[in-house]
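Comments concern the structure below.
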4 protein chains.
Amino acid sequence: MSVSVLRNYINGQWVESSSSEFSEVRNPATGKVLARVPMSGVAEVDAAAKAARAAFEKWRRVPVLERTAVLARLKGLILDHYDEIAETLTREHGKIKSEAATELQRAMDNINVASSAPSLMMGHNMEDVARGIDEYAITQPVGVYASLNPYNFPAMIPFWSLPYAVACGNCQIVKTSPLVPMTMTRIFELIHEAGFPAGVLNLIHGGADTATAIMQHKDINGISFVGSTPVGRIVYETSARYGKRVQVQAGAKNWGIVMPDANLEKSVENIIASAYDCTGQRCLALAGILCVGDTYERVKPLLKAGIARRRIGDGLDPQVSMGPTITPESRKRVLDYVQKGLDEGANLLVDGRNVEVPGYPDGNWLGHFVFENVTPDMSIAKEEIFGPVLCMLRCDSLDDALKVIHESPYGNAANIYTSSGATVRRFKYEAHCGNLGVNIGVPAPMAMFHFAGTKDSFFGDLHAQGRDAFKFFTEETIVIERWFD
Amino acid sequence: MSVSVLRNYINGQWVESSSSEFSEVRNPATGKVLARVPMSGVAEVDAAAKAARAAFEKWRRVPVLERTAVLARLKGLILDHYDEIAETLTREHGKIKSEAATELQRAMDNINVASSAPSLMMGHNMEDVARGIDEYAITQPVGVYASLNPYNFPAMIPFWSLPYAVACGNCQIVKTSPLVPMTMTRIFELIHEAGFPAGVLNLIHGGADTATAIMQHKDINGISFVGSTPVGRIVYETSARYGKRVQVQAGAKNWGIVMPDANLEKSVENIIASAYDCTGQRCLALAGILCVGDTYERVKPLLKAGIARRRIGDGLDPQVSMGPTITPESRKRVLDYVQKGLDEGANLLVDGRNVEVPGYPDGNWLGHFVFENVTPDMSIAKEEIFGPVLCMLRCDSLDDALKVIHESPYGNAANIYTSSGATVRRFKYEAHCGNLGVNIGVPAPMAMFHFAGTKDSFFGDLHAQGRDAFKFFTEETIVIERWFD
Amino acid sequence: MSVSVLRNYINGQWVESSSSEFSEVRNPATGKVLARVPMSGVAEVDAAAKAARAAFEKWRRVPVLERTAVLARLKGLILDHYDEIAETLTREHGKIKSEAATELQRAMDNINVASSAPSLMMGHNMEDVARGIDEYAITQPVGVYASLNPYNFPAMIPFWSLPYAVACGNCQIVKTSPLVPMTMTRIFELIHEAGFPAGVLNLIHGGADTATAIMQHKDINGISFVGSTPVGRIVYETSARYGKRVQVQAGAKNWGIVMPDANLEKSVENIIASAYDCTGQRCLALAGILCVGDTYERVKPLLKAGIARRRIGDGLDPQVSMGPTITPESRKRVLDYVQKGLDEGANLLVDGRNVEVPGYPDGNWLGHFVFENVTPDMSIAKEEIFGPVLCMLRCDSLDDALKVIHESPYGNAANIYTSSGATVRRFKYEAHCGNLGVNIGVPAPMAMFHFAGTKDSFFGDLHAQGRDAFKFFTEETIVIERWFD
Amino acid sequence: MSVSVLRNYINGQWVESSSSEFSEVRNPATGKVLARVPMSGVAEVDAAAKAARAAFEKWRRVPVLERTAVLARLKGLILDHYDEIAETLTREHGKIKSEAATELQRAMDNINVASSAPSLMMGHNMEDVARGIDEYAITQPVGVYASLNPYNFPAMIPFWSLPYAVACGNCQIVKTSPLVPMTMTRIFELIHEAGFPAGVLNLIHGGADTATAIMQHKDINGISFVGSTPVGRIVYETSARYGKRVQVQAGAKNWGIVMPDANLEKSVENIIASAYDCTGQRCLALAGILCVGDTYERVKPLLKAGIARRRIGDGLDPQVSMGPTITPESRKRVLDYVQKGLDEGANLLVDGRNVEVPGYPDGNWLGHFVFENVTPDMSIAKEEIFGPVLCMLRCDSLDDALKVIHESPYGNAANIYTSSGATVRRFKYEAHCGNLGVNIGVPAPMAMFHFAGTKDSFFGDLHAQGRDAFKFFTEETIVIERWFD
């Protein structure tokens, strides 16, 4: 893993990029450069797409049991290198190693569900739809797909599509985020070793222009994107302009409702993990809590005490609870939001501005932030901050709390802390968010369920993971058959 | 049905359009004006969308068994007025009455499948996804949908979406084609009678601008479109730009392969019906046959004899086999293609240019056309003609025939005439079209299967009809639930 | 309906029974004889089975859309005669007319779900299970089925199997209970009118010997039985001895847990309906409540007050809340249990022994019974009484209450009254009964879900209703297909 | 593997049987004793059942992802010892080692499908089945199951149930055949190593009395049996008498139809493998061919030539095509059938009676037998021989051939050799056997499909493997939920 300049993996081979533009991959805890990553161009995308297209005609003929057997080999190889990959992930991304390991487990979970393809990609059929005429929906792969990946889950998010795409008989191009390209580069070394035929899986490093070239390429049938809402809108429209299938997972602003009948100790413990794990850089992170009735005052001391127990530092140090943010720019963006929150009249119950980590003068450090006296109209209550910032709002009632959720343009997640069945029923019925937690701050769907954002948090109809993935990556060709005597 | 100016149906009421722009609905067999139809504007679309949005909050709370009970009443009312509706359809569209009746049956079939919603829209769930944590995918309606409909199946195509949308708890806006707005207007009278709450179903007449207003409206969550590929591309991109779910069924060029081992008598009988029924104005119409080996010469006399038995005229006359084309412009468009075919070197085995129907001097009449000596590069072999024109190509082998299909940008349908299982297996595996017929020229999926176009014949991922419809018209909200003691 | 001697319906014709043994059908409210019903013999069963077998070969060839169309006609006919059938049902059975109407609605619900057969009976398939080899599971009907029906739901229970059997392409023999044969006789007149081909559906009146002849008949492939556990055991074993598919819904003893956090007013209202509606003669009737903590004393006055508002009498009188028991023997059986309860040390909070209904001196009247101070070891706490008797037990905790449920040999239903999500989670996880109610005393599954008894309440694996029904009434034939060049 | 007296595996420990009765396991090729196996008694069954029952309460609480992770470890261990297990299997059973390896692969395939449990055992649910009332079918494990296994597939058949049972959260007792107990004993050593909690999986050696004790044990909820039809009938009835779920895969007599349009060379090659692989000792073995028209004479020389190329001997010798039969008694049983066939008038086209294998004087050797001039009424045409005997019948037509299949009491498998789609359609529609092959003599369903015998070849309704397995090994508990405010 001493790669200084990362290469693309095209048609079964590691290829140096012909690009003259490169970006640096830095360790967010130390600021040190770990690698240089190319901004691949149109020609490289074209080479990958053509390789994938050519590989498709053979790969689709490989029976699904053999395709999933290759996935099983990949799973074995990842297991064999689990610790090493998690460490690479922590180094380039900053998240603590146990978070990296959990993320990798989620990738494995998706391999497992994709390995159910022999059952889950089956078609359906009916004898005698009319006398002597039978009809079948035969499930067939589509062709070539690409995934455009964000920086926050370098190992997991590519696996929301990759294993399903190939289990179903398609080929795929994976574009990494230029901030965290090393983890997937390492995994692609294992992909190579696992024995996927050349061209079935291809890795392209690059940025926005690379993504555009992918969306415009005529040999690519579908796009899986995860990122922000503004970029997501462009991806949705551009992919559509080029006639592609497309699924876009976008931004979020996730609220938790705290009801007076909740178990507050356990709830606050969960709130803290939900808000600050992964340094708040996840689309399911808890952005704020809507404290109904007297819970507002009761929650505060618990929050402060809980946060006080957390330690910030290098994710490779097992004592650390929270790593740095991804880049200095990202750190500044969060601090700007904090200032805006103060300017708009909120105040900091917990102030994470002046954090220092001894021995790591160049890390992108931020502490924990809790804003109190937040109102729904403030920027910090409306916009996605994507950092370790939690907003506290007072609500008179469940109705008031649901109103805040309804008025958000986002619909990724919401959760509620309560012990009441009736309250949960109303919440499930009325929250109108895709992923709902009951006493669970980060309702991340298991791999056998889809990841269900709504509103501006998702564009398209078939989601990542679970049964939806099998639909997104297949055609169900209709055959209507009759035989003349 | 003596409506002279058609009204919109918004929020449970028949409303006169405020538009100053109107179009005329003419009987294609007689040229007579049957009604005037408004080109509804932005304000009318807004009124319908707002009504639908408001109705949604109530309609989603109506249990699915009650929602399907309203559909059952609608089905009963359509059955009670079956003949009358079929006659209206024939009058405004021109297709013969038995075709109209069959079309209406397909609409009913979709009501039946949509009435399976209590079973088919179920969510799924798993106990203990982790210790003490349960996960559910709860199926919920999305909100407001709209359908943008073409002229060729005035009764059936709106029912590819309407019954599923409302069975799943959504509200819908139906935009008719201004060429054939009367059939759905009549059906909406029955919808009113059936007892759908105000705002659940809305009818808007209009043209391209009306459609644009619909695609741009923020209260509408999804679009179902059926029409040509160029318009479909615009609809796909525009709907995506506005963040909507979208399914686009577009153009076609459907080929049939005739193998030497086919039962030629029965095959040609089927070829004739597939090419000329509905005057060739259907997206599954057979556009040409790829005659392998000696079948080219053997098919010709059978084709000529079969066509000779067919009679052209007013669709209300039970002796008639084929009605007029929809408009004079459409007729001219077909004749221009015929001329282009001749110019490019094909010749007419059967020439339908100089057809007259006594007593109907103003009908948009066309006869049957069979082009022979067609080659794959000719316009008539590549472009969708949408009229009673069949092209004959010679092929040396199944490989050659499949090549013609592969090179078409369209993927709506293909079919094969053969008695060989091995040949059919290759065809199913390699045709890469969505709807495949085996000894069936028009492989129209039954309503419990989806309508599966591919390539430039479909944009999106979830198709009309069948199981796909239930996915397109619902969210499956994820709930992850734990209870603290 | 002035039938004095009921006939069998075999092979599309009403046939007088050749039996010399007859039973009387009496109105339980008046004691008057309504009809005489034959105890059909082996020859009659044989005639029906042979007719069904012969009809099968044709009926299975009728496409499923046509088969469900006949069911739709039957549904229309039942709707047209709804009130009349409900009245017949009340007359022969005694339950009040609104209960009869609700029961009939449940029959209709099953027709609706069975009408989803075009979607729900589909098989499944996979291309290329090995190179060039495809595999299909093709759903096909099995042959001839029979249902053996109890007296308590004369209209509903036969429809747990009938519509699924025929929608899937099978033929069926329905054996009525000799106590209530008139409702199904009337419905079979409508079945005849609906246009089922001769032999597809057959009605046989009779008793235990008739049932035995059915179970032994080699032309019958499967048995659906609903009745008591002792008889159910015999049916399960006997059907197995003759190699048949078999599903046996048997006895019950259903408990409700009342938790201190329940809404007691609404809960007791529900408890009363659950215990006494249908005069307690239903397999989901609430047999007793397990009152946790102080709820025991709080429930008592609410129970007494609620029961006091109920009126006993002829089910045709719209003021009446509860009809008579089915027979004098049944009435005596209940009274014997009451005496046994008193003997074993329980006492009656509400005593229904000396009820009289003016003008109905010969009705099988019973009032409402509430036993207090019941302990788990008493006969009235262990055995199924099948009458309007509710037992009250004191429990210290949820654990204690669950213990009573666990120790019951039955597993038909259980329910809990509470407002706590955590309590419900434990209950769902640990009750080990098939049908669980949360604040619902009679958790009767809707027709699109199966009816899920466990332990001694069900023998077999595929239940009635819902998706299970489609499995029970079909084979999924495996086809593995390869073609040599 | 030098076990001289095999032990049972109960509650996580290897336990010596207390039985005084033992049977010898002999190598069918050499006659040498490999081990002694106990005929375990009632007390041992009781110990296993109690251990399983106790383990169940904990195992069901282990999340399905963790349960399948243990299965994954078992799969890894089997892969690590693949060759060794296959060799053990060949030693105790006699089949050639490549057959043993293939069998083991089928066991692994079932582990793979069972590992799809996170998706495939999901329940289903519907919001608002009535206003404010939600309904769920929650999938839960049942308890304790047992499998009763035959001698012919010592490794595969236990895996038709084992992985599904435990993936779904049940515990299981596996009873081996006393003829071939060593393979599963070895696999249970790996099961122990894989880390299944004590009691989850238990191994009991024994015979008919052991099986009876299992069927009678009240703590066992379900039985999976594979064996002969006479024994299967007893198992079906006995299991039912004790109220258990039960699936019985029984005997067979599988016919192949040879049509004049078949590719005879490839067909005969396939016929030979289908009839003689595994020495004909498999329930899907091809028992006879129904030669339509002139194929009878054309097939004969091809058959003779193909058989001539096959070599008989010790399965460990890689040059060998066919091993011995399982026991001297089995060998004698086949020879008795051969004599009966001759007595009834058939004659031997190929005579396998006097086969000797040099160096193996005590092996249970039989050669290949082809009977010609067989008629449907002969014993050899009607009864299951379960040895390397193929019968040839002449048929005038497809109708005649189908008649032979229809008149068989068995319905395990049938196949057809043809190139015609129309012929295959008739065959699929009319053969009424569970597993149908098209140009495939042994239509063994892949693990993701169920194994679909009918008629006297299967008793029960839910089959082994595939989706059926998940139904057989779970309850879907119904929960109907409402919350009072």
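Residue numbering restarts at 1 for every chain of the structure tokens, chains are lettered A, B, ... in their displayed order, and ligands are numbered from 1 as they appear.
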Using only C-alpha atoms, I'd like a table of the residues in stretch 34-151 of chain D that come within 12 Å of stretch 429-441 of chain C; for each, show the closest atom pair and its distance in Å rounded to one decimal, ordered by chain and ascending number, as a tab-separated table.
```
residue	atom	partner	partner_atom	distance
D:Glu57	CA	C:Glu430	CA	9.9
D:Arg60	CA	C:Tyr429	CA	10.1
D:Arg61	CA	C:Tyr429	CA	9.5
D:Gly132	CA	C:Asn439	CA	11.7
D:Ile133	CA	C:Ile440	CA	9.3
D:Asp134	CA	C:Val438	CA	9.8
D:Glu135	CA	C:Gly437	CA	9.4
D:Tyr136	CA	C:Leu436	CA	9.7
D:Ala137	CA	C:Asn435	CA	9.2
D:Ile138	CA	C:Tyr429	CA	9.4
D:Thr139	CA	C:Tyr429	CA	10.4
D:Gln140	CA	C:Tyr429	CA	8.5
D:Pro141	CA	C:His432	CA	10.1
D:Val142	CA	C:His432	CA	9.0
D:Gly143	CA	C:His432	CA	10.5
```
So that I have them on file, write out the residues from the current selection with N, CA and C atoms, as an mmCIF file, in the first residue's frame.
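Full text of again_3.cif as output:
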```
data_model
loop_
_atom_site.group_PDB
_atom_site.id
_atom_site.type_symbol
_atom_site.label_atom_id
_atom_site.label_comp_id
_atom_site.auth_asym_id
_atom_site.auth_seq_id
_atom_site.Cartn_x
_atom_site.Cartn_y
_atom_site.Cartn_z
ATOM 1 N N GLU D 57 -34.641 -22.012 22.695
ATOM 2 C CA GLU D 57 -35.005 -20.704 23.258
ATOM 3 C C GLU D 57 -33.870 -19.692 23.123
ATOM 4 N N ARG D 60 -33.093 -19.128 18.837
ATOM 5 C CA ARG D 60 -34.026 -18.278 18.104
ATOM 6 C C ARG D 60 -33.746 -16.803 18.367
ATOM 7 N N ARG D 61 -33.094 -16.517 19.496
ATOM 8 C CA ARG D 61 -32.769 -15.126 19.833
ATOM 9 C C ARG D 61 -31.490 -14.639 19.163
ATOM 10 N N GLY D 132 -56.395 2.832 11.225
ATOM 11 C CA GLY D 132 -55.606 2.829 12.448
ATOM 12 C C GLY D 132 -55.142 1.465 12.896
ATOM 13 N N ILE D 133 -55.435 0.435 12.113
ATOM 14 C CA ILE D 133 -55.038 -0.930 12.476
ATOM 15 C C ILE D 133 -54.045 -1.466 11.447
ATOM 16 N N ASP D 134 -52.916 -1.945 11.944
ATOM 17 C CA ASP D 134 -51.879 -2.491 11.070
ATOM 18 C C ASP D 134 -51.794 -4.003 11.271
ATOM 19 N N GLU D 135 -51.392 -4.719 10.233
ATOM 20 C CA GLU D 135 -51.270 -6.171 10.354
ATOM 21 C C GLU D 135 -49.903 -6.616 9.833
ATOM 22 N N TYR D 136 -49.304 -7.524 10.576
ATOM 23 C CA TYR D 136 -47.995 -8.051 10.210
ATOM 24 C C TYR D 136 -48.023 -9.563 10.247
ATOM 25 N N ALA D 137 -47.363 -10.199 9.307
ATOM 26 C CA ALA D 137 -47.009 -11.616 9.445
ATOM 27 C C ALA D 137 -45.527 -11.640 9.790
ATOM 28 N N ILE D 138 -45.224 -12.003 11.023
ATOM 29 C CA ILE D 138 -43.847 -12.010 11.519
ATOM 30 C C ILE D 138 -43.310 -13.430 11.436
ATOM 31 N N THR D 139 -42.213 -13.596 10.735
ATOM 32 C CA THR D 139 -41.669 -14.941 10.573
ATOM 33 C C THR D 139 -40.864 -15.330 11.806
ATOM 34 N N GLN D 140 -41.235 -16.434 12.391
ATOM 35 C CA GLN D 140 -40.542 -16.925 13.582
ATOM 36 C C GLN D 140 -40.214 -18.405 13.414
ATOM 37 N N PRO D 141 -39.149 -18.858 14.046
ATOM 38 C CA PRO D 141 -38.836 -20.285 13.976
ATOM 39 C C PRO D 141 -39.875 -21.091 14.756
ATOM 40 N N VAL D 142 -39.908 -22.379 14.496
ATOM 41 C CA VAL D 142 -40.952 -23.237 15.061
ATOM 42 C C VAL D 142 -40.474 -23.960 16.309
ATOM 43 N N GLY D 143 -39.273 -24.512 16.283
ATOM 44 C CA GLY D 143 -38.787 -25.253 17.440
ATOM 45 C C GLY D 143 -37.776 -26.307 17.048
#
```
Residues of chain B within 12 Å of chain C, counting only C-alpha atoms - could you list those as a compact mmCIF listing (two decimals) with C-alpha atoms, in the first residue's frame?
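Below you can see iface09.txt, which holds the result:
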```txt
# COMPACT_ATOMS: atom_id res chain seq x y z
CA VAL B 64 -56.72 -0.32 0.87
CA LEU B 65 -59.75 -2.61 1.01
CA GLU B 66 -62.01 0.42 0.77
CA THR B 68 -60.16 -1.17 -4.07
CA ALA B 69 -63.88 -1.32 -3.34
CA ALA B 72 -64.65 -2.35 -8.05
CA ARG B 73 -67.58 0.04 -8.38
CA LYS B 75 -65.29 -1.59 -12.91
CA GLY B 76 -68.98 -2.38 -12.54
CA GLN B 105 -60.89 -5.16 -21.66
CA ARG B 106 -57.21 -4.45 -21.15
CA MET B 108 -60.41 -3.69 -16.97
CA ASP B 109 -57.59 -6.20 -16.61
CA ASN B 110 -55.47 -3.48 -15.08
CA ILE B 111 -58.24 -2.61 -12.64
CA ASN B 112 -58.27 -6.27 -11.67
CA VAL B 113 -54.54 -6.43 -11.05
CA ALA B 114 -54.60 -3.13 -9.17
CA SER B 115 -57.36 -4.64 -7.03
CA SER B 116 -54.80 -7.14 -5.83
CA ALA B 117 -53.21 -4.25 -3.94
CA PRO B 118 -54.12 -5.70 -0.52
CA SER B 119 -51.70 -8.52 -1.33
CA LEU B 120 -49.32 -6.93 -3.81
CA MET B 121 -48.50 -3.69 -2.04
CA MET B 122 -47.49 -5.44 1.17
CA GLU B 127 -37.61 -9.79 13.56
CA ASP B 128 -34.29 -9.43 15.39
CA ARG B 131 -30.77 -8.59 19.23
CA GLY B 132 -34.01 -6.95 20.25
CA ILE B 133 -34.21 -4.83 17.11
CA ASP B 134 -36.85 -5.40 14.45
CA SER B 420 -37.86 -25.25 -32.62
CA GLY B 421 -37.12 -25.03 -28.93
CA ALA B 422 -33.44 -24.40 -29.52
CA THR B 423 -34.17 -21.49 -31.84
CA VAL B 424 -36.51 -19.93 -29.31
CA ARG B 425 -33.93 -20.28 -26.57
CA ARG B 426 -31.38 -18.38 -28.63
CA LYS B 428 -34.99 -15.20 -25.90
CA TYR B 429 -31.39 -15.01 -24.83
CA MET B 446 -51.06 -9.38 -19.66
CA ALA B 447 -51.83 -6.84 -16.94
CA MET B 448 -50.26 -8.96 -14.19
CA PHE B 449 -46.92 -8.72 -16.01
CA HIS B 450 -45.16 -5.45 -16.70
CA GLN B 465 -48.52 -2.79 -15.15
CA GLY B 466 -47.88 -5.76 -12.90
CA ARG B 467 -45.59 -5.82 -9.91
CA ASP B 468 -43.58 -2.86 -11.14
CA GLU B 481 -37.44 -0.40 16.07
CA ARG B 482 -36.05 -1.06 19.52
CA TRP B 483 -37.63 -0.57 22.90
CA PHE B 484 -35.77 0.39 26.02
CA ASP B 485 -37.02 -1.35 29.15
```
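Distance check against A:Glu189 using only C-alpha atoms: of A:Tyr410, A:Trp365, A:Trp14, A:Phe458, the minimum falls on A:Trp14.
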ask   = Per DSSP on the backbone, what are the helix (DSSP H, G or I) residues of stretch 264-369 of chain B, as a VMD selection string?
value = chain B and resid 264 to 280 295 to 308 328 to 344
request  = With a distance cut-off of 9 Å and only C-alpha atoms, select the neighbouring residues of A:Leu349, excluding the residue or stretch itself and same-chain residues fewer than 2 positions from it, and output the selection as a ChimeraX atom specification.
outcome  = /A:300,304,347,351,369-372
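Residues surrounding C:Thr90 within 9 Å are Asn27, Ile85, Ala86, Glu87, Thr88, Glu92, His93, Gly94, Lys95, Ile96, Lys97, Glu99, Ala100, Asp314, Gly315, Leu316 and Gly323 of chain C [only C-alpha atoms; sequence separation below 2 positions excluded].
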For the selection you just gave me, I'd like the residues written to a file as an mmCIF file, in the first residue's frame, keeping N, CA and C atoms.
```cif
data_model
loop_
_atom_site.group_PDB
_atom_site.id
_atom_site.type_symbol
_atom_site.label_atom_id
_atom_site.label_comp_id
_atom_site.auth_asym_id
_atom_site.auth_seq_id
_atom_site.Cartn_x
_atom_site.Cartn_y
_atom_site.Cartn_z
ATOM 1 N N ASN C 27 -84.037 -23.692 13.881
ATOM 2 C CA ASN C 27 -83.707 -22.314 14.239
ATOM 3 C C ASN C 27 -83.405 -22.278 15.736
ATOM 4 N N ILE C 85 -79.188 -13.770 2.167
ATOM 5 C CA ILE C 85 -78.284 -14.819 2.662
ATOM 6 C C ILE C 85 -77.989 -14.611 4.144
ATOM 7 N N ALA C 86 -77.750 -13.344 4.520
ATOM 8 C CA ALA C 86 -77.473 -13.059 5.927
ATOM 9 C C ALA C 86 -78.658 -13.506 6.790
ATOM 10 N N GLU C 87 -79.832 -13.296 6.296
ATOM 11 C CA GLU C 87 -81.029 -13.679 7.058
ATOM 12 C C GLU C 87 -81.125 -15.202 7.199
ATOM 13 N N THR C 88 -80.878 -15.892 6.120
ATOM 14 C CA THR C 88 -80.857 -17.361 6.181
ATOM 15 C C THR C 88 -79.835 -17.834 7.209
ATOM 16 N N GLU C 92 -80.687 -20.126 10.579
ATOM 17 C CA GLU C 92 -80.255 -21.491 10.892
ATOM 18 C C GLU C 92 -79.185 -21.535 11.982
ATOM 19 N N HIS C 93 -78.479 -20.444 12.138
ATOM 20 C CA HIS C 93 -77.360 -20.460 13.081
ATOM 21 C C HIS C 93 -77.638 -19.742 14.393
ATOM 22 N N GLY C 94 -78.435 -18.693 14.343
ATOM 23 C CA GLY C 94 -78.759 -17.967 15.549
ATOM 24 C C GLY C 94 -77.997 -16.675 15.740
ATOM 25 N N LYS C 95 -76.831 -16.545 15.116
ATOM 26 C CA LYS C 95 -76.059 -15.307 15.341
ATOM 27 C C LYS C 95 -76.844 -14.108 14.830
ATOM 28 N N ILE C 96 -76.590 -12.930 15.393
ATOM 29 C CA ILE C 96 -77.380 -11.772 15.005
ATOM 30 C C ILE C 96 -77.037 -11.357 13.583
ATOM 31 N N LYS C 97 -77.956 -10.672 12.961
ATOM 32 C CA LYS C 97 -77.835 -10.438 11.524
ATOM 33 C C LYS C 97 -76.616 -9.607 11.160
ATOM 34 N N GLU C 99 -73.819 -9.756 12.612
ATOM 35 C CA GLU C 99 -72.714 -10.719 12.623
ATOM 36 C C GLU C 99 -72.722 -11.573 11.353
ATOM 37 N N ALA C 100 -73.916 -11.938 10.927
ATOM 38 C CA ALA C 100 -74.040 -12.719 9.693
ATOM 39 C C ALA C 100 -73.529 -11.919 8.503
ATOM 40 N N ASP C 314 -83.558 -12.906 19.544
ATOM 41 C CA ASP C 314 -83.560 -13.412 18.172
ATOM 42 C C ASP C 314 -82.642 -12.520 17.321
ATOM 43 N N GLY C 315 -81.731 -13.124 16.631
ATOM 44 C CA GLY C 315 -80.761 -12.375 15.849
ATOM 45 C C GLY C 315 -81.371 -11.518 14.758
ATOM 46 N N LEU C 316 -82.604 -11.774 14.387
ATOM 47 C CA LEU C 316 -83.234 -10.946 13.359
ATOM 48 C C LEU C 316 -83.741 -9.624 13.925
ATOM 49 N N GLY C 323 -77.278 -13.616 20.131
ATOM 50 C CA GLY C 323 -78.254 -14.649 19.830
ATOM 51 C C GLY C 323 -78.064 -15.877 20.717
#
```
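Near C:Asn202, within a cut-off of 9 Å and counting only C-alpha atoms, sit the residues Asn8, Tyr9, Ile10, Asn11, Gly12, Gln13, Ala48, Ala49, Ala51, Ala52, Cys171, Gln172, Ile173, Val174, Lys175, Phe188, Ala198 and Gly199 of chain C, with same-chain residues fewer than 3 positions away left out.
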Superposition RMSD [C-alpha atoms, order-paired], chain A onto chain C =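 Here the C-alpha RMSD works out to 0.0 Å.
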key: DSSP strand (DSSP E or B) residues within stretch 76-197 of chain B, as a PyMOL selection string   = chain B and resi 123-130+133-141+144-148+171-175
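Reported to one decimal place, the separation of atom CA of A:Met126 from atom CA of D:Val292 is 29.6 Å.
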ask   = Residues at most 9 Å from stretch 240-249 of chain A, counting only C-alpha atoms, excluding those fewer than 3 positions away in the same chain, as a ChimeraX atom specification?
value = /A:145,215-218,220-229,232-233,235-237,412,451-453,456-464,472 /B:233-234,236-241,455-456,458-461
query = Got a sec: who's within 12 Å of C:Ala381, counting only C-alpha atoms, leaving out chain neighbours fewer than 3 positions off, as a ChimeraX atom specification?
reply = /C:252-255,286-290,337-338,340-341,344-346,371-378,384-385,389-393,404-405,407-410
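Of note, atom CA of C:Asn170 and atom CA of C:Val231 are spaced 25.7 Å apart.
Atom CA of D:Glu383 lies 9.3 Å from atom CA of D:Gly251.
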